[in-house]
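Read through the structure below, which is laid out as structure tokens, and then see the notes.
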Amino acid sequence: MIVFQKPKTLTDAPFHYCPGCTHGIIHRLVAEALEELDIEGEAIGVAPVGCAVFAYNYFTCDMVEAAHGRAPAVATGIKRARPDKVVFTYQGDGDLASIGMAETVHAATRNENISVIFVNNAIYGMTGGQMAPTSLPGQVTQTSPYGRDVKTAGYPIKVCEMLSALDAPAYIERVAVNSVKNVKNAKRAILKAFENQMQNKGFSLIEVISACPTNWGMTPGEALNWIEEKMIPYYPLGVYKDQTKEEKP
């Protein structure tokens, strides 16, 4: 009897991510959701520049590459052209919360019927560990060697809190993947984001608090603890907006 196996919606290509990076866990959760909902042949993923730039190597559904930050705009075009498809973006914090912030906000306020997977590891991963829009106050990075100074760099952007203030978005939730309990909850949220789209309920964004041991200068175990001790207190987990059970004007 098979108890556990690789989802059929993941290819056999080895992940390129650093040891301890939790992108791999999130990839698996997305793949499991595609498989369980039986939408592999109907799904189209959009990945821009960043650590997930090679996502097309890992998912068996159709994938489209977008310019840095433009995934929500590309996803909007695909969904409007092919409303029968399930369209999702997979974006990091340097991508979504920096150069792509305008696309994110406007897709949300139009309540575009797409699903956004937003990976927040509080740093620019692929380009060497620079300070990101989500880097914590005092966090040491390549471009903030003395820690993020909020007087000059400002405070981190809390994407879920910001988007939940908009009238239109259907569903906004923040999850994490640093423990078994949190991983299971993250999968539930990703499943719901896809289900919302299949039911034409509108824009869903799932923010996933993720680890970057290499650029944090930590072991994988230390990175998971840092999520629990530092990131989650600053970025509280939970549902920030859920209008999927309400009649929308």
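Letters A, B, ... mark the chains of the structure tokens in the order given; residue numbers begin at 1 per chain; ligand numbers begin at 1, in order shown.
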(message) List as number ranges by chain the protein and nucleic acid residues near A:Ala47, meaning an atom at most 8 Å away when only C-alpha atoms are counted, but skip any in the same chain fewer than 2 places from it.
(response) A: 45, 49, 52-56, 63-66, 71, 89-91
(request) Show which residues sit within 9 Å of A:Leu29, as a list in words. Count only C-alpha atoms, and ignore same-chain residues fewer than 4 positions away. (result) Gly24, Ile25, Ala33, Leu34, Val183, Lys184, Ala186, Lys187, Ile190 and Leu191 of chain A
Store the residues picked out above in a file with C-alpha atoms, as a CSV table (one decimal), in the first residue's frame.
chain,number,residue,atom,x,y,z
A,24,GLY,CA,10.4,23.0,-2.3
A,25,ILE,CA,7.7,22.4,0.3
A,33,ALA,CA,-3.6,20.9,-4.8
A,34,LEU,CA,-3.5,20.7,-8.6
A,183,VAL,CA,2.4,23.0,6.4
A,184,LYS,CA,-1.0,21.3,6.6
A,186,ALA,CA,-0.8,26.1,4.2
A,187,LYS,CA,-2.1,23.3,1.9
A,190,ILE,CA,-3.7,26.9,-1.3
A,191,LEU,CA,-6.5,24.5,-2.0
(request) From stretch 52-123 of chain A, collect each residue whose DSSP state is strand (DSSP E) and return the set as a PyMOL selection string. (result) chain A and resi 62-65+86-92+115-120
Would you save the residues of that selection, restricted to N, CA and C atoms, as a short mmCIF file (atom, residue, chain, number, x, y, z; two decimals), in the first residue's frame?
data_model
loop_
_atom_site.label_atom_id
_atom_site.label_comp_id
_atom_site.auth_asym_id
_atom_site.auth_seq_id
_atom_site.Cartn_x
_atom_site.Cartn_y
_atom_site.Cartn_z
N ASP A 62 0.84 23.72 -17.72
CA ASP A 62 1.43 24.76 -18.56
C ASP A 62 1.98 25.88 -17.68
N MET A 63 3.13 26.42 -18.07
CA MET A 63 3.77 27.50 -17.32
C MET A 63 4.15 28.62 -18.27
N VAL A 64 4.05 29.85 -17.79
CA VAL A 64 4.41 31.04 -18.56
C VAL A 64 5.42 31.84 -17.75
N GLU A 65 6.44 32.36 -18.41
CA GLU A 65 7.44 33.19 -17.74
C GLU A 65 7.05 34.65 -17.90
N VAL A 86 -7.51 27.61 -14.93
CA VAL A 86 -7.18 27.99 -13.55
C VAL A 86 -5.77 28.59 -13.59
N VAL A 87 -5.68 29.88 -13.36
CA VAL A 87 -4.43 30.62 -13.54
C VAL A 87 -3.88 31.04 -12.18
N PHE A 88 -2.60 30.70 -11.94
CA PHE A 88 -1.99 31.08 -10.67
C PHE A 88 -0.61 31.70 -10.91
N THR A 89 -0.21 32.58 -10.00
CA THR A 89 1.15 33.11 -10.02
C THR A 89 1.91 32.55 -8.83
N TYR A 90 3.22 32.48 -8.99
CA TYR A 90 4.10 32.02 -7.91
C TYR A 90 5.22 33.04 -7.81
N GLN A 91 5.21 33.87 -6.74
CA GLN A 91 6.08 35.04 -6.67
C GLN A 91 6.76 35.17 -5.31
N GLY A 92 7.98 35.69 -5.33
CA GLY A 92 8.69 36.00 -4.11
C GLY A 92 8.40 37.40 -3.63
N SER A 115 -5.31 33.21 -8.75
CA SER A 115 -4.79 32.79 -7.44
C SER A 115 -3.31 33.14 -7.37
N VAL A 116 -2.91 33.87 -6.33
CA VAL A 116 -1.54 34.32 -6.17
C VAL A 116 -0.89 33.59 -4.98
N ILE A 117 0.22 32.93 -5.25
CA ILE A 117 1.03 32.31 -4.20
C ILE A 117 2.22 33.23 -3.97
N PHE A 118 2.28 33.83 -2.80
CA PHE A 118 3.28 34.85 -2.48
C PHE A 118 4.23 34.31 -1.41
N VAL A 119 5.50 34.09 -1.79
CA VAL A 119 6.49 33.52 -0.88
C VAL A 119 7.29 34.63 -0.22
N ASN A 120 7.17 34.74 1.09
CA ASN A 120 7.84 35.80 1.85
C ASN A 120 8.95 35.20 2.70
#
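Among the candidates A:Arg188, A:Gly20, A:Gly238, A:Lys181, the one nearest to A:Glu32 when counting only C-alpha atoms is A:Arg188.
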(message) Give me the residues near A:Ser98 as a VMD selection string, where near means some atom within 9 Å (using only C-alpha atoms) and where sequence neighbours in that chain fewer than 3 positions away do not count.
(response) chain A and resid 69 93 to 95 101 to 102 132 to 133
(message) I need the residues in stretch 14-206 of chain A that are alpha helix (DSSP H) according to DSSP; give them as a PyMOL selection string.
(response) chain A and resi 23-36+71-81+93-94+101-109+150-153+159-164+180-198
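Restricting the calculation to only C-alpha atoms, the smallest distance between A:Thr104 and any of A:Tyr234, A:Phe203, A:Trp216, A:Trp226 is found for A:Phe203.
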(request) Counting only C-alpha atoms, figure out which residue out of A:Lys85, A:Phe59, A:Ala122, A:Cys212 gets nearest to A:Ala13. (result) A:Phe59
So that I can see what lies close to A:Ile227, please list as an mmCIF file with C-alpha atoms, in the first residue's frame the residues with an atom at most 12 Å from it, counting only C-alpha atoms and leaving out residues fewer than 4 positions away in the same chain.
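Result file around_36.cif:
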data_model
loop_
_atom_site.group_PDB
_atom_site.id
_atom_site.type_symbol
_atom_site.label_atom_id
_atom_site.label_comp_id
_atom_site.auth_asym_id
_atom_site.auth_seq_id
_atom_site.Cartn_x
_atom_site.Cartn_y
_atom_site.Cartn_z
ATOM 1 C CA THR A 22 11.247 25.850 1.845
ATOM 2 C CA ASN A 120 7.838 35.801 1.855
ATOM 3 C CA ASN A 121 11.338 34.976 3.088
ATOM 4 C CA ALA A 122 12.176 38.559 4.082
ATOM 5 C CA LEU A 136 12.397 42.881 9.342
ATOM 6 C CA VAL A 175 0.430 30.860 6.336
ATOM 7 C CA ALA A 176 3.864 29.353 7.048
ATOM 8 C CA VAL A 177 5.741 26.120 6.305
ATOM 9 C CA ASN A 178 8.058 25.812 9.311
ATOM 10 C CA SER A 179 6.184 23.005 11.090
ATOM 11 C CA ASN A 182 1.658 25.009 9.562
ATOM 12 C CA VAL A 208 3.599 31.856 2.717
ATOM 13 C CA ILE A 209 6.259 32.645 5.317
ATOM 14 C CA SER A 210 9.330 30.785 4.051
ATOM 15 C CA ALA A 211 12.948 30.126 5.070
ATOM 16 C CA CYS A 212 16.130 31.268 3.300
ATOM 17 C CA PRO A 213 18.955 29.675 5.352
ATOM 18 C CA TRP A 216 20.056 34.434 6.461
ATOM 19 C CA MET A 218 21.737 30.023 9.309
ATOM 20 C CA PRO A 220 18.087 24.910 8.048
ATOM 21 C CA GLY A 221 17.016 24.158 11.639
ATOM 22 C CA GLU A 222 17.962 27.615 12.847
ATOM 23 C CA ALA A 223 16.038 29.150 9.927
ATOM 24 C CA MET A 231 8.910 36.367 11.393
ATOM 25 C CA ILE A 232 5.561 35.063 12.612
ATOM 26 C CA PRO A 233 5.341 37.596 15.487
ATOM 27 C CA TYR A 234 5.876 40.387 12.929
ATOM 28 C CA TYR A 235 3.748 38.733 10.243
ATOM 29 C CA PRO A 236 0.905 37.057 12.166
ATOM 30 C CA LEU A 237 -0.660 34.049 10.490
#
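Atom CA of A:Tyr17 sits 11.7 Å away from atom CA of A:Tyr58.
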(message) Applying 8 Å and only C-alpha atoms, which residues near A:Pro137 remain after dropping the ones on its own chain fewer than 4 positions away? List them as a ChimeraX atom specification.
(response) /A:147-150,155-156
